[in-house]
Amino acid sequence: MSEKILLEYTTEKAEEPIISSITRQTDIPINILHADLTPKGGEIFVSIDASEEKFEKIVDLFKESGVEITKVKEGIKLDEDTCLECGACISLCPTDALSLSDEDFSIELDEEKCIYCKACIPACPVDALSIESF
Amino acid sequence: MSKKEVNKSVSEINRKIEEGNAVVVTAEEMVDIVDEKGKKGAAEEVDVVTTGTFGAMCSSGAWLNFGHADPPIKLNKVWLNDVEAYAGGAAVDAYIGATALSESERMEYGGGHVIEELVRGREIDLRGKGYGTDSYPRKEIETSLTIDDLNQAILSNPRNSYQKYNAATNSRNETIHTYMGTLLPNHGNISFSGSGELSPLNNDPEYQTIGIGSRIFLGGGQGYIFQEGTQHSPKTGFGTIMTVGDLNEMSSDYIRGVSVRNYGVSLFVGIGIPIPVLNGNIAESTGISDEEIKTNIMDYGTPRREKPKIREVNYKELKSGKVEIGGEERPVSPMSSLSRAREISQQMKEQIQNGEFFLSKPARRLSRDDELKPMKQTSPSPVAKQLMTSEVLTAKPPDSIKVAAEVFAEKGFDHLPVVNEENKVIGIVTSWDVAVALGNDKEKVEDILTSKVVTAEENEPVDSVARKLQKHEISGMPVIDTEQHLKGIITSEDLSKLIRRGRIE
């Protein structure tokens with residue numbers, strides 16, 4: 001099971017190595033997809049590939065460390081009725097989440113691979129790509 | 001199999017279509033047929049090959065006739081959903097061009113979108129102005145109408161369906177936005193257009209069957225080729241067609257307005273040409289495969305008419321999604337829809353099989369000798385070296401910041417290029433950097449220099465230099481030769497000399 005979560009923390013927590021210590025405690029690697037740090041605190045967007053049990057444990061550990069957690073349910077969306085199937089988005093995707101189908105050259109979106117970098121969104125000539133803001 | 005050469009006529013093929021026994025295949029299917037049966041065998045078996053392409057065709061637009069108002073107006077200016085259409089014809093005729101921008105929404109909406117909305121049957125707001133005469137006293141009009149309210153709505157495209165397109169990449173160290181889409185820095189991606197073995201003109205590159213009057217699939221309806229397209233350049237493999245068709249018959253599956261980021265608006269047009277397989281030679285040319293269709297990847301990072309070629313590539317490689325440049329695989333984006341191109345070829349195949357689409361023998365074949373001329377410019381665009389200051393003071397990395405500060409103070413300069421032993425530009429220091437550094441106890445130029453320098457090449461047109469100044473919000477940049485050697489410095493002040501001469505705005 002791969003889950004994507006958004007971690008929000010305040011500046012007081014910034015000096016604590018929370019992610020790496022949780023990784024060491026649980027032996028589950030945490031992949032940082034996107035980080036936004038400001039003087040007021042920060043947001044780190046991570047993906048965790050773990051069993052449900054382990055995942056819940058990681059969530060508890062983050063909560064104990066004073067980090068707010070939001071599970072990201074919605075991700076990037078491709079409106080297939082609007083899509084022209086041109087492919088302008090494909091080469092901008094750093095993780096191959098968007099690709100051309102081998103079968104019929106239609107555009108395929110693999111949400112699992114998406115890291116929400118948003119590079120594809122403005123490249124779409126018909127605004128068929130959008131993201132639920134997190 | 002007889003030894004006689006195959007020699008069919010268009011009317012023979014039309015008779016077969018009428019009788020429901022014409023053999024129709026798509027250009028993709030024809031590749032294997034020619035491979036297996038040879039050109040003669042394929043010509044004996046197949047009567048028609050269908051092609052298709054669906055991409056941005058900027059040189060598109062529609063003639064609209066609104067009918068007369070009461071009291072009548074001679075439209076002198078007219079806007080449709082706030083996009084200006086050309087009204088320089090008769091009183092209530094106008095041409096809406098695909099790339100015209102909305103006055104209010106600019107690059108978000110334009111002529112291409114208006115055409116799509118007409119096809120979808122949506123209501124369009126019309127605003128018009130006249131000058132008032134005895135025959136046409138009215139000076140202003142505002143109304144709303146749909147395609148059903150118009151007398152005519154004729155898609156009329158000066159240049160469609162290029163035989164071949166260059167592929168694009170970007171050598172610059174910044175992202176650029178082009179008609180070939182977003183191009184990432186340092187050849188980070190490649191984009192291409194055209195449908196390769198499905199491409200209409202590629203299947204009959206000698207125009208043996210294509211010409212004025214050829215009936216084609218246009219935007220979901222039936223249209224015609226009515227002339228060579230503008231910039232038709234068959235000698236270099238860049239043939240084009242001018243097309244016309246009734247917008248009322250078309251579908252929004254194959255007519256779509258698009259907005260290409262930081263470039264402008266356009267219209268995606270679906271086109272297919274049916275090719276009658278009259279003889280073995282035509283069978284052979286329709287058997288062309290993606291692997292045999294080659295194009296060049298050009299560097300769109302160069303803002304000039306002539307762009308440097310990076311490498312040759314074929315459509316099989318392009319369609320695979322990864323192409324190598326400089327030893328590294330780069331992701332590839334098609335800019336035109338390969339899936340819809342295939343759909344068009346299949347739709348046309350079905351229409352011909354069902355007796356709904358007949359072929360037409362052209363009144364005249366497309367010309368094969370036209371060549372493309374560049375614009376004659378009575379005053380050539382000035383280049384950086386003509387305006388730059390060539391006596392430039394420079395700094396070296398180990399120099400003291402104080403020396404730099406003195407230069408700024410005494411000479412009144414704002415930019416100090418930093419060069420290495422070979423006089424190659426490796427950084428820049430501005431008066432602002434120095435002012436900040438003096439407060440921070442830094443000592444050497446190398447501690448404060450900016451190594452990512454925006455530069456101008458000495459032969460770069462000033463329009464391109466002005467664009468860089470504006471884009472990066474800077475006031476000047478070093479001018480270099482092709483090997484990075486410092487040749488001078490050019491500032492917004494140098495460019496302002498041109499404004500006084502009325503050269504640029």
# chains A, B, ... in the order shown; residues from 1 in each chain; ligands from 1
$ select_by_dssp --residues "chain A" --states "alpha helix (DSSP H)" --output "list in words"
Ile18, Ile19, Ser20, Ser21, Ile22, Thr23, Arg24, Gln25, Thr26, Glu52, Glu53, Lys54, Phe55, Glu56, Lys57, Ile58, Val59, Asp60, Leu61, Phe62, Lys63 and Glu64 of chain A
$ closest_atom_pairs --of "chain A" --to "chain B" --cutoff "8 Å" --atoms "only C-alpha atoms" --output "CSV"
residue,atom,partner,partner_atom,distance
A:Leu84,CA,B:Ser337,CA,6.8
A:Glu85,CA,B:Ser337,CA,5.3
A:Cys86,CA,B:Ser337,CA,3.9
A:Gly87,CA,B:Pro334,CA,5.2
A:Ala88,CA,B:Ser333,CA,5.3
A:Cys89,CA,B:Ser333,CA,7.0
A:Ile90,CA,B:Ser333,CA,5.5
A:Ser91,CA,B:Pro331,CA,4.8
A:Leu92,CA,B:Asn189,CA,7.2
A:Leu100,CA,B:Gly321,CA,7.7
A:Asp104,CA,B:Ser339,CA,5.8
A:Phe105,CA,B:Ser339,CA,4.9
A:Ser106,CA,B:Ser339,CA,5.7
A:Pro122,CA,B:Arg261,CA,6.6
A:Ala123,CA,B:Arg261,CA,6.4
A:Cys124,CA,B:Val260,CA,7.5
A:Pro125,CA,B:Ser259,CA,4.7
A:Val126,CA,B:Val258,CA,5.5
$ residues_around --residues "range 10-23 of chain A" --least-positions-apart "2" --cutoff "12 Å" --atoms "only C-alpha atoms" --output "number ranges by chain"
A: 7-8, 25-32, 37-50, 54-55, 57-68
$ select_by_dssp --residues "chain A" --states "strand (DSSP E)" --output "PyMOL selection string"
chain A and resi 2-10+30-38+41-49+68-71+76-78+98-100+107-109+129-131
$ write_last_selection --atoms "N, CA and C atoms" --output "short mmCIF file (atom, residue, chain, number, x, y, z; two decimals), in the first residue's frame"
data_model
loop_
_atom_site.label_atom_id
_atom_site.label_comp_id
_atom_site.auth_asym_id
_atom_site.auth_seq_id
_atom_site.Cartn_x
_atom_site.Cartn_y
_atom_site.Cartn_z
N SER A 2 0.64 2.12 -0.96
CA SER A 2 1.42 3.35 -0.97
C SER A 2 0.49 4.53 -0.69
N GLU A 3 0.82 5.27 0.36
CA GLU A 3 -0.03 6.41 0.75
C GLU A 3 0.78 7.69 0.63
N LYS A 4 0.08 8.75 0.29
CA LYS A 4 0.75 10.05 0.25
C LYS A 4 0.18 10.92 1.37
N ILE A 5 1.04 11.49 2.16
CA ILE A 5 0.54 12.36 3.23
C ILE A 5 1.29 13.69 3.26
N LEU A 6 0.59 14.66 3.77
CA LEU A 6 1.17 15.99 3.91
C LEU A 6 1.47 16.22 5.38
N LEU A 7 2.72 16.56 5.66
CA LEU A 7 3.14 16.82 7.04
C LEU A 7 3.24 18.32 7.21
N GLU A 8 2.63 18.83 8.26
CA GLU A 8 2.74 20.26 8.52
C GLU A 8 3.34 20.42 9.91
N TYR A 9 4.34 21.30 10.00
CA TYR A 9 4.95 21.46 11.33
C TYR A 9 5.33 22.92 11.54
N THR A 10 5.52 23.26 12.81
CA THR A 10 5.85 24.65 13.14
C THR A 10 7.37 24.79 13.24
N ILE A 30 10.79 6.71 3.86
CA ILE A 30 9.80 7.75 3.59
C ILE A 30 10.33 8.61 2.46
N ASN A 31 9.57 8.69 1.40
CA ASN A 31 10.05 9.41 0.22
C ASN A 31 9.48 10.84 0.20
N ILE A 32 10.38 11.83 0.23
CA ILE A 32 9.93 13.22 0.20
C ILE A 32 9.67 13.63 -1.25
N LEU A 33 8.43 14.00 -1.53
CA LEU A 33 8.06 14.35 -2.90
C LEU A 33 8.16 15.85 -3.13
N HIS A 34 7.89 16.59 -2.07
CA HIS A 34 7.82 18.03 -2.26
C HIS A 34 7.96 18.67 -0.88
N ALA A 35 8.74 19.73 -0.76
CA ALA A 35 8.89 20.38 0.54
C ALA A 35 8.80 21.88 0.36
N ASP A 36 8.09 22.52 1.25
CA ASP A 36 7.91 23.96 1.18
C ASP A 36 8.19 24.52 2.57
N LEU A 37 9.31 25.19 2.73
CA LEU A 37 9.72 25.65 4.04
C LEU A 37 9.67 27.17 4.11
N THR A 38 9.03 27.70 5.12
CA THR A 38 8.97 29.14 5.29
C THR A 38 9.39 29.46 6.72
N GLY A 41 7.16 27.89 9.39
CA GLY A 41 7.02 26.44 9.52
C GLY A 41 7.17 25.82 8.15
N GLY A 42 6.63 24.62 8.03
CA GLY A 42 6.83 24.01 6.73
C GLY A 42 5.80 22.95 6.41
N GLU A 43 5.79 22.60 5.13
CA GLU A 43 4.95 21.51 4.64
C GLU A 43 5.86 20.55 3.91
N ILE A 44 5.74 19.30 4.23
CA ILE A 44 6.52 18.29 3.50
C ILE A 44 5.54 17.24 3.02
N PHE A 45 5.63 16.98 1.73
CA PHE A 45 4.71 16.03 1.12
C PHE A 45 5.48 14.73 0.89
N VAL A 46 5.01 13.64 1.50
CA VAL A 46 5.79 12.40 1.41
C VAL A 46 4.92 11.23 0.94
N SER A 47 5.59 10.23 0.41
CA SER A 47 4.87 9.00 0.12
C SER A 47 5.49 7.88 0.93
N ILE A 48 4.63 7.01 1.45
CA ILE A 48 5.09 5.93 2.33
C ILE A 48 4.54 4.62 1.78
N ASP A 49 5.45 3.69 1.53
CA ASP A 49 5.04 2.40 1.00
C ASP A 49 5.13 1.39 2.14
N GLU A 68 1.47 17.79 12.25
CA GLU A 68 0.09 17.61 11.77
C GLU A 68 0.10 16.81 10.48
N ILE A 69 -0.88 15.95 10.34
CA ILE A 69 -0.89 15.07 9.18
C ILE A 69 -2.19 15.17 8.41
N THR A 70 -2.07 15.32 7.12
CA THR A 70 -3.26 15.25 6.27
C THR A 70 -3.03 14.15 5.25
N LYS A 71 -3.96 13.21 5.17
CA LYS A 71 -3.85 12.19 4.12
C LYS A 71 -4.35 12.81 2.83
N ILE A 76 -3.79 14.50 -8.83
CA ILE A 76 -3.92 15.12 -10.13
C ILE A 76 -5.06 14.43 -10.88
N LYS A 77 -5.82 15.24 -11.62
CA LYS A 77 -6.97 14.68 -12.35
C LYS A 77 -6.84 14.99 -13.84
N LEU A 78 -7.17 14.00 -14.63
CA LEU A 78 -7.19 14.19 -16.08
C LEU A 78 -8.64 14.07 -16.53
N LEU A 98 2.51 10.40 -16.36
CA LEU A 98 1.74 10.61 -17.58
C LEU A 98 2.49 9.94 -18.72
N SER A 99 1.78 9.13 -19.49
CA SER A 99 2.46 8.47 -20.61
C SER A 99 1.47 8.19 -21.72
N LEU A 100 2.04 7.84 -22.86
CA LEU A 100 1.21 7.48 -24.03
C LEU A 100 0.97 5.98 -23.97
N ILE A 107 -3.71 9.08 -23.61
CA ILE A 107 -2.89 9.54 -22.49
C ILE A 107 -3.27 8.76 -21.25
N GLU A 108 -2.29 8.19 -20.59
CA GLU A 108 -2.55 7.44 -19.37
C GLU A 108 -1.95 8.15 -18.17
N LEU A 109 -2.74 8.20 -17.09
CA LEU A 109 -2.25 8.84 -15.87
C LEU A 109 -2.18 7.80 -14.77
N LEU A 129 -6.00 19.11 -17.23
CA LEU A 129 -5.33 18.61 -16.02
C LEU A 129 -5.57 19.58 -14.88
N SER A 130 -5.87 19.04 -13.72
CA SER A 130 -6.05 19.92 -12.56
C SER A 130 -5.62 19.16 -11.32
N ILE A 131 -5.50 19.89 -10.22
CA ILE A 131 -5.08 19.24 -8.99
C ILE A 131 -5.94 19.75 -7.84
#
$ atom_distance --atom1 "CA of Asp494 in chain B" --atom2 "CA of Lys396 in chain B"
25.0 Å
$ closest_residue --among "B:Val434, B:Val462, B:Ala167, B:Leu278" --to "Glu312 in chain B" --atoms "only C-alpha atoms"
B:Ala167
$ residues_around --residues "range 365-382 of chain B" --least-positions-apart "3" --cutoff "10 Å" --atoms "only C-alpha atoms" --output "compact mmCIF listing (two decimals) with all heavy atoms, in the first residue's frame"
# COMPACT_ATOMS: atom_id res chain seq x y z
N PRO B 205 3.85 11.90 -51.39
CA PRO B 205 4.75 13.05 -51.36
C PRO B 205 4.97 13.69 -52.73
O PRO B 205 5.41 14.84 -52.81
CB PRO B 205 6.06 12.48 -50.81
CG PRO B 205 5.99 11.01 -51.06
CD PRO B 205 4.54 10.64 -51.03
N GLU B 206 4.65 12.96 -53.80
CA GLU B 206 4.79 13.54 -55.15
C GLU B 206 3.46 14.14 -55.62
O GLU B 206 3.35 14.60 -56.76
CB GLU B 206 5.22 12.45 -56.14
CG GLU B 206 6.54 11.78 -55.80
CD GLU B 206 7.71 12.69 -56.09
OE1 GLU B 206 7.70 13.34 -57.16
OE2 GLU B 206 8.62 12.77 -55.24
N TYR B 207 2.46 14.11 -54.75
CA TYR B 207 1.12 14.62 -55.07
C TYR B 207 0.60 14.00 -56.38
O TYR B 207 0.10 14.68 -57.27
CB TYR B 207 1.10 16.15 -55.16
CG TYR B 207 1.97 16.84 -54.14
CD1 TYR B 207 2.86 17.84 -54.49
CD2 TYR B 207 1.91 16.47 -52.80
CE1 TYR B 207 3.68 18.45 -53.56
CE2 TYR B 207 2.72 17.07 -51.85
CZ TYR B 207 3.60 18.05 -52.23
OH TYR B 207 4.41 18.64 -51.31
N GLN B 208 0.74 12.67 -56.48
CA GLN B 208 0.23 11.99 -57.68
C GLN B 208 -1.29 12.00 -57.70
O GLN B 208 -1.89 11.91 -58.77
CB GLN B 208 0.75 10.55 -57.71
CG GLN B 208 2.26 10.48 -57.83
CD GLN B 208 2.75 9.05 -57.85
OE1 GLN B 208 2.70 8.39 -58.87
NE2 GLN B 208 3.21 8.57 -56.72
N THR B 209 -1.90 12.05 -56.51
CA THR B 209 -3.36 11.98 -56.45
C THR B 209 -3.98 13.17 -55.73
O THR B 209 -5.20 13.27 -55.64
CB THR B 209 -3.82 10.70 -55.69
OG1 THR B 209 -3.47 10.86 -54.31
CG2 THR B 209 -3.15 9.46 -56.23
N ILE B 210 -3.13 14.04 -55.16
CA ILE B 210 -3.66 15.13 -54.33
C ILE B 210 -3.54 16.45 -55.08
O ILE B 210 -2.50 16.76 -55.65
CB ILE B 210 -2.86 15.23 -53.00
CG1 ILE B 210 -2.97 13.92 -52.22
CG2 ILE B 210 -3.36 16.40 -52.16
CD1 ILE B 210 -2.15 13.88 -50.95
N GLY B 211 -4.63 17.23 -55.07
CA GLY B 211 -4.57 18.52 -55.75
C GLY B 211 -5.81 19.33 -55.49
O GLY B 211 -6.60 19.02 -54.58
N ILE B 212 -5.98 20.35 -56.31
CA ILE B 212 -7.12 21.24 -56.14
C ILE B 212 -8.41 20.47 -56.40
O ILE B 212 -8.56 19.81 -57.43
CB ILE B 212 -7.00 22.44 -57.10
CG1 ILE B 212 -5.76 23.25 -56.72
CG2 ILE B 212 -8.26 23.30 -57.07
CD1 ILE B 212 -5.44 24.39 -57.63
N GLY B 213 -9.31 20.51 -55.45
CA GLY B 213 -10.57 19.79 -55.59
C GLY B 213 -10.60 18.43 -54.92
O GLY B 213 -11.64 17.78 -54.91
N SER B 214 -9.45 18.01 -54.33
CA SER B 214 -9.47 16.72 -53.63
C SER B 214 -10.43 16.79 -52.45
O SER B 214 -10.33 17.71 -51.62
CB SER B 214 -8.08 16.37 -53.09
OG SER B 214 -7.19 16.09 -54.14
N ILE B 225 -9.54 20.45 -50.75
CA ILE B 225 -8.30 21.22 -50.91
C ILE B 225 -8.61 22.24 -52.01
O ILE B 225 -9.13 21.86 -53.07
CB ILE B 225 -7.15 20.30 -51.35
CG1 ILE B 225 -6.83 19.31 -50.24
CG2 ILE B 225 -5.93 21.12 -51.74
CD1 ILE B 225 -5.82 18.24 -50.65
N PHE B 226 -8.33 23.52 -51.76
CA PHE B 226 -8.63 24.45 -52.84
C PHE B 226 -7.40 25.16 -53.40
O PHE B 226 -7.50 25.94 -54.33
CB PHE B 226 -9.76 25.41 -52.48
CG PHE B 226 -9.48 26.49 -51.48
CD1 PHE B 226 -9.23 27.79 -51.90
CD2 PHE B 226 -9.52 26.23 -50.14
CE1 PHE B 226 -9.02 28.80 -50.99
CE2 PHE B 226 -9.31 27.23 -49.21
CZ PHE B 226 -9.06 28.51 -49.63
N GLN B 227 -6.23 24.86 -52.88
CA GLN B 227 -5.00 25.45 -53.40
C GLN B 227 -3.83 24.85 -52.62
O GLN B 227 -4.03 24.23 -51.59
CB GLN B 227 -5.03 26.99 -53.18
CG GLN B 227 -4.00 27.78 -53.96
CD GLN B 227 -4.34 27.89 -55.43
OE1 GLN B 227 -5.49 27.82 -55.81
NE2 GLN B 227 -3.33 28.05 -56.27
N GLU B 228 -2.58 25.08 -53.13
CA GLU B 228 -1.43 24.79 -52.29
C GLU B 228 -1.57 25.68 -51.06
O GLU B 228 -2.06 26.80 -51.15
CB GLU B 228 -0.12 25.16 -53.01
CG GLU B 228 0.25 24.27 -54.17
CD GLU B 228 -0.45 24.64 -55.48
OE1 GLU B 228 -1.09 25.72 -55.52
OE2 GLU B 228 -0.36 23.86 -56.44
N GLY B 229 -1.10 25.22 -49.93
CA GLY B 229 -1.14 26.05 -48.73
C GLY B 229 -0.11 27.16 -48.82
O GLY B 229 0.82 27.11 -49.64
N THR B 230 -0.25 28.18 -47.97
CA THR B 230 0.78 29.22 -47.91
C THR B 230 2.06 28.54 -47.41
O THR B 230 2.02 27.55 -46.69
CB THR B 230 0.37 30.36 -46.95
OG1 THR B 230 0.09 29.80 -45.67
CG2 THR B 230 -0.87 31.09 -47.45
N GLN B 231 3.18 29.08 -47.84
CA GLN B 231 4.51 28.55 -47.52
C GLN B 231 4.73 27.11 -48.04
O GLN B 231 5.62 26.41 -47.57
CB GLN B 231 4.79 28.60 -46.00
CG GLN B 231 4.89 30.03 -45.49
CD GLN B 231 5.30 30.13 -44.02
OE1 GLN B 231 5.85 29.22 -43.43
NE2 GLN B 231 5.05 31.28 -43.43
N HIS B 232 3.90 26.70 -49.00
CA HIS B 232 4.08 25.39 -49.64
C HIS B 232 5.51 25.31 -50.18
O HIS B 232 5.92 26.15 -50.97
CB HIS B 232 3.07 25.30 -50.80
CG HIS B 232 3.10 24.02 -51.57
ND1 HIS B 232 2.81 22.80 -51.01
CD2 HIS B 232 3.37 23.78 -52.88
CE1 HIS B 232 2.89 21.85 -51.95
NE2 HIS B 232 3.23 22.42 -53.08
N SER B 233 6.25 24.34 -49.70
CA SER B 233 7.66 24.26 -50.10
C SER B 233 8.04 22.81 -50.39
O SER B 233 8.78 22.18 -49.65
CB SER B 233 8.52 24.84 -48.96
OG SER B 233 9.87 24.82 -49.31
N PRO B 234 7.49 22.27 -51.49
CA PRO B 234 7.65 20.84 -51.75
C PRO B 234 9.10 20.42 -51.96
O PRO B 234 9.47 19.29 -51.65
CB PRO B 234 6.83 20.62 -53.02
CG PRO B 234 6.69 21.96 -53.64
CD PRO B 234 6.71 22.94 -52.53
N LYS B 235 9.93 21.33 -52.48
CA LYS B 235 11.32 20.94 -52.77
C LYS B 235 12.08 20.56 -51.51
O LYS B 235 13.01 19.78 -51.55
CB LYS B 235 12.05 22.08 -53.49
CG LYS B 235 11.75 22.11 -54.98
CD LYS B 235 12.68 23.09 -55.65
CE LYS B 235 12.56 23.00 -57.16
NZ LYS B 235 13.26 24.14 -57.78
N THR B 236 11.71 21.18 -50.38
CA THR B 236 12.39 20.84 -49.13
C THR B 236 11.56 19.86 -48.30
O THR B 236 11.87 19.61 -47.14
CB THR B 236 12.65 22.11 -48.29
OG1 THR B 236 11.41 22.82 -48.16
CG2 THR B 236 13.66 23.02 -48.95
N GLY B 237 10.49 19.33 -48.91
CA GLY B 237 9.67 18.34 -48.19
C GLY B 237 8.63 18.96 -47.27
O GLY B 237 8.04 18.27 -46.45
N PHE B 238 8.43 20.27 -47.40
CA PHE B 238 7.45 20.94 -46.54
C PHE B 238 6.24 21.40 -47.35
O PHE B 238 5.94 22.58 -47.42
CB PHE B 238 8.08 22.12 -45.80
CG PHE B 238 9.01 21.73 -44.68
CD1 PHE B 238 10.36 21.48 -44.93
CD2 PHE B 238 8.54 21.58 -43.39
CE1 PHE B 238 11.22 21.11 -43.90
CE2 PHE B 238 9.40 21.20 -42.36
CZ PHE B 238 10.74 20.97 -42.61
N GLY B 239 5.56 20.45 -47.99
CA GLY B 239 4.34 20.79 -48.72
C GLY B 239 3.20 21.11 -47.75
O GLY B 239 3.20 20.63 -46.62
N THR B 240 2.26 21.93 -48.18
CA THR B 240 1.09 22.24 -47.34
C THR B 240 -0.14 22.36 -48.24
O THR B 240 -0.03 22.51 -49.45
CB THR B 240 1.25 23.57 -46.57
OG1 THR B 240 1.14 24.66 -47.50
CG2 THR B 240 2.58 23.67 -45.87
N ILE B 241 -1.33 22.32 -47.62
CA ILE B 241 -2.56 22.47 -48.39
C ILE B 241 -3.44 23.58 -47.82
O ILE B 241 -3.41 23.85 -46.62
CB ILE B 241 -3.37 21.16 -48.44
CG1 ILE B 241 -3.58 20.59 -47.03
CG2 ILE B 241 -2.69 20.14 -49.34
CD1 ILE B 241 -4.47 19.37 -46.97
N ARG B 305 15.46 32.81 -37.25
CA ARG B 305 14.72 32.08 -38.26
C ARG B 305 15.39 30.73 -38.53
O ARG B 305 14.76 29.69 -38.60
CB ARG B 305 14.64 32.91 -39.54
CG ARG B 305 13.72 32.30 -40.58
CD ARG B 305 13.53 33.27 -41.74
NE ARG B 305 14.80 33.61 -42.34
CZ ARG B 305 15.11 34.81 -42.83
NH1 ARG B 305 14.23 35.77 -42.80
NH2 ARG B 305 16.29 35.05 -43.35
N LYS B 361 -11.23 13.31 -58.31
CA LYS B 361 -10.00 13.48 -59.09
C LYS B 361 -9.68 14.96 -59.11
O LYS B 361 -10.54 15.78 -59.45
CB LYS B 361 -10.26 12.97 -60.52
CG LYS B 361 -9.00 12.90 -61.33
CD LYS B 361 -9.25 12.33 -62.71
CE LYS B 361 -7.95 12.44 -63.49
NZ LYS B 361 -8.15 12.60 -64.91
N PRO B 362 -8.47 15.36 -58.71
CA PRO B 362 -8.19 16.79 -58.63
C PRO B 362 -8.22 17.48 -59.99
O PRO B 362 -7.88 16.87 -61.01
CB PRO B 362 -6.79 16.86 -58.02
CG PRO B 362 -6.22 15.51 -58.14
CD PRO B 362 -7.35 14.53 -58.26
N LYS B 385 26.22 43.38 -31.14
CA LYS B 385 27.54 44.00 -31.23
C LYS B 385 27.49 45.42 -31.79
O LYS B 385 28.40 46.21 -31.58
CB LYS B 385 28.51 43.10 -32.01
CG LYS B 385 28.22 42.92 -33.47
CD LYS B 385 29.29 42.04 -34.08
CE LYS B 385 28.93 41.69 -35.51
NZ LYS B 385 29.76 40.59 -36.02
N GLN B 386 26.40 45.75 -32.49
CA GLN B 386 26.31 47.10 -33.04
C GLN B 386 25.94 48.13 -31.97
O GLN B 386 26.12 49.32 -32.17
CB GLN B 386 25.26 47.13 -34.16
CG GLN B 386 25.70 46.36 -35.39
CD GLN B 386 24.54 46.17 -36.35
OE1 GLN B 386 23.64 45.38 -36.12
NE2 GLN B 386 24.56 46.93 -37.45
N LEU B 387 25.39 47.68 -30.89
CA LEU B 387 24.94 48.61 -29.86
C LEU B 387 25.71 48.51 -28.56
O LEU B 387 25.61 49.36 -27.69
CB LEU B 387 23.45 48.36 -29.54
CG LEU B 387 22.45 48.79 -30.60
CD1 LEU B 387 21.06 48.39 -30.16
CD2 LEU B 387 22.48 50.30 -30.81
N ASN B 459 26.03 38.31 -32.23
CA ASN B 459 25.19 38.48 -33.41
C ASN B 459 23.70 38.31 -33.13
O ASN B 459 22.89 38.14 -34.03
CB ASN B 459 25.61 37.50 -34.50
CG ASN B 459 26.94 37.89 -35.10
OD1 ASN B 459 27.15 39.06 -35.44
ND2 ASN B 459 27.87 36.95 -35.17
N GLU B 460 23.35 38.36 -31.86
CA GLU B 460 21.95 38.18 -31.47
C GLU B 460 21.16 39.46 -31.77
O GLU B 460 21.60 40.56 -31.42
CB GLU B 460 21.90 37.87 -29.97
CG GLU B 460 20.58 37.37 -29.50
CD GLU B 460 20.68 36.75 -28.09
OE1 GLU B 460 21.72 36.13 -27.76
OE2 GLU B 460 19.70 36.90 -27.35
N PRO B 461 19.99 39.34 -32.39
CA PRO B 461 19.21 40.56 -32.69
C PRO B 461 18.80 41.27 -31.40
O PRO B 461 18.54 40.62 -30.39
CB PRO B 461 17.97 40.02 -33.41
CG PRO B 461 18.30 38.64 -33.83
CD PRO B 461 19.33 38.13 -32.88
N VAL B 462 18.74 42.59 -31.46
CA VAL B 462 18.42 43.35 -30.25
C VAL B 462 17.02 43.04 -29.72
O VAL B 462 16.77 43.16 -28.54
CB VAL B 462 18.58 44.87 -30.45
CG1 VAL B 462 20.05 45.21 -30.65
CG2 VAL B 462 17.73 45.37 -31.58
N ASP B 463 16.11 42.62 -30.60
CA ASP B 463 14.77 42.28 -30.14
C ASP B 463 14.84 41.13 -29.14
O ASP B 463 14.10 41.08 -28.16
CB ASP B 463 13.89 41.84 -31.33
CG ASP B 463 13.88 42.87 -32.43
OD1 ASP B 463 14.89 42.98 -33.14
OD2 ASP B 463 12.89 43.58 -32.55
N LEU B 498 17.68 52.93 -29.51
CA LEU B 498 16.86 52.48 -30.64
C LEU B 498 15.45 53.05 -30.56
O LEU B 498 14.81 53.28 -31.58
CB LEU B 498 16.77 50.96 -30.66
CG LEU B 498 18.01 50.23 -31.12
CD1 LEU B 498 17.72 48.74 -31.06
CD2 LEU B 498 18.38 50.63 -32.53
N ARG B 503 13.01 52.30 -33.60
CA ARG B 503 13.18 50.92 -34.06
C ARG B 503 12.31 49.94 -33.27
O ARG B 503 11.70 49.05 -33.82
CB ARG B 503 14.66 50.56 -33.95
CG ARG B 503 15.01 49.11 -34.24
CD ARG B 503 14.70 48.73 -35.66
NE ARG B 503 14.92 47.32 -35.86
CZ ARG B 503 14.16 46.37 -35.35
NH1 ARG B 503 13.13 46.68 -34.63
NH2 ARG B 503 14.43 45.09 -35.57
$ residues_around --residues "Leu359 in chain B" --least-positions-apart "6" --cutoff "10 Å" --atoms "only C-alpha atoms" --output "JSON, numbers by chain"
{"B": [10, 11, 13, 14, 17, 48, 213, 214, 215, 216, 273, 274, 275, 276, 352]}
$ residues_around --residues "Pro94 in chain A" --least-positions-apart "6" --cutoff "10 Å" --atoms "only C-alpha atoms" --output "PyMOL selection string"
(chain A and resi 113-115+117+119-120) or (chain B and resi 331)
$ write_last_selection --atoms "C-alpha atoms" --output "PDB file, in the first residue's frame"
ATOM      1  CA  LYS A 113       3.624   7.802  -9.634  1.00  0.00           C
ATOM      2  CA  CYS A 114       2.526  11.448  -9.490  1.00  0.00           C
ATOM      3  CA  ILE A 115       4.547  13.667  -7.166  1.00  0.00           C
ATOM      4  CA  CYS A 117       4.999  18.869  -9.092  1.00  0.00           C
ATOM      5  CA  ALA A 119       4.631  20.852 -14.295  1.00  0.00           C
ATOM      6  CA  CYS A 120       2.005  19.316 -16.571  1.00  0.00           C
TER       7      CYS A 120
ATOM      8  CA  PRO B 331      11.332  12.257 -22.866  1.00  0.00           C
TER       9      PRO B 331
END
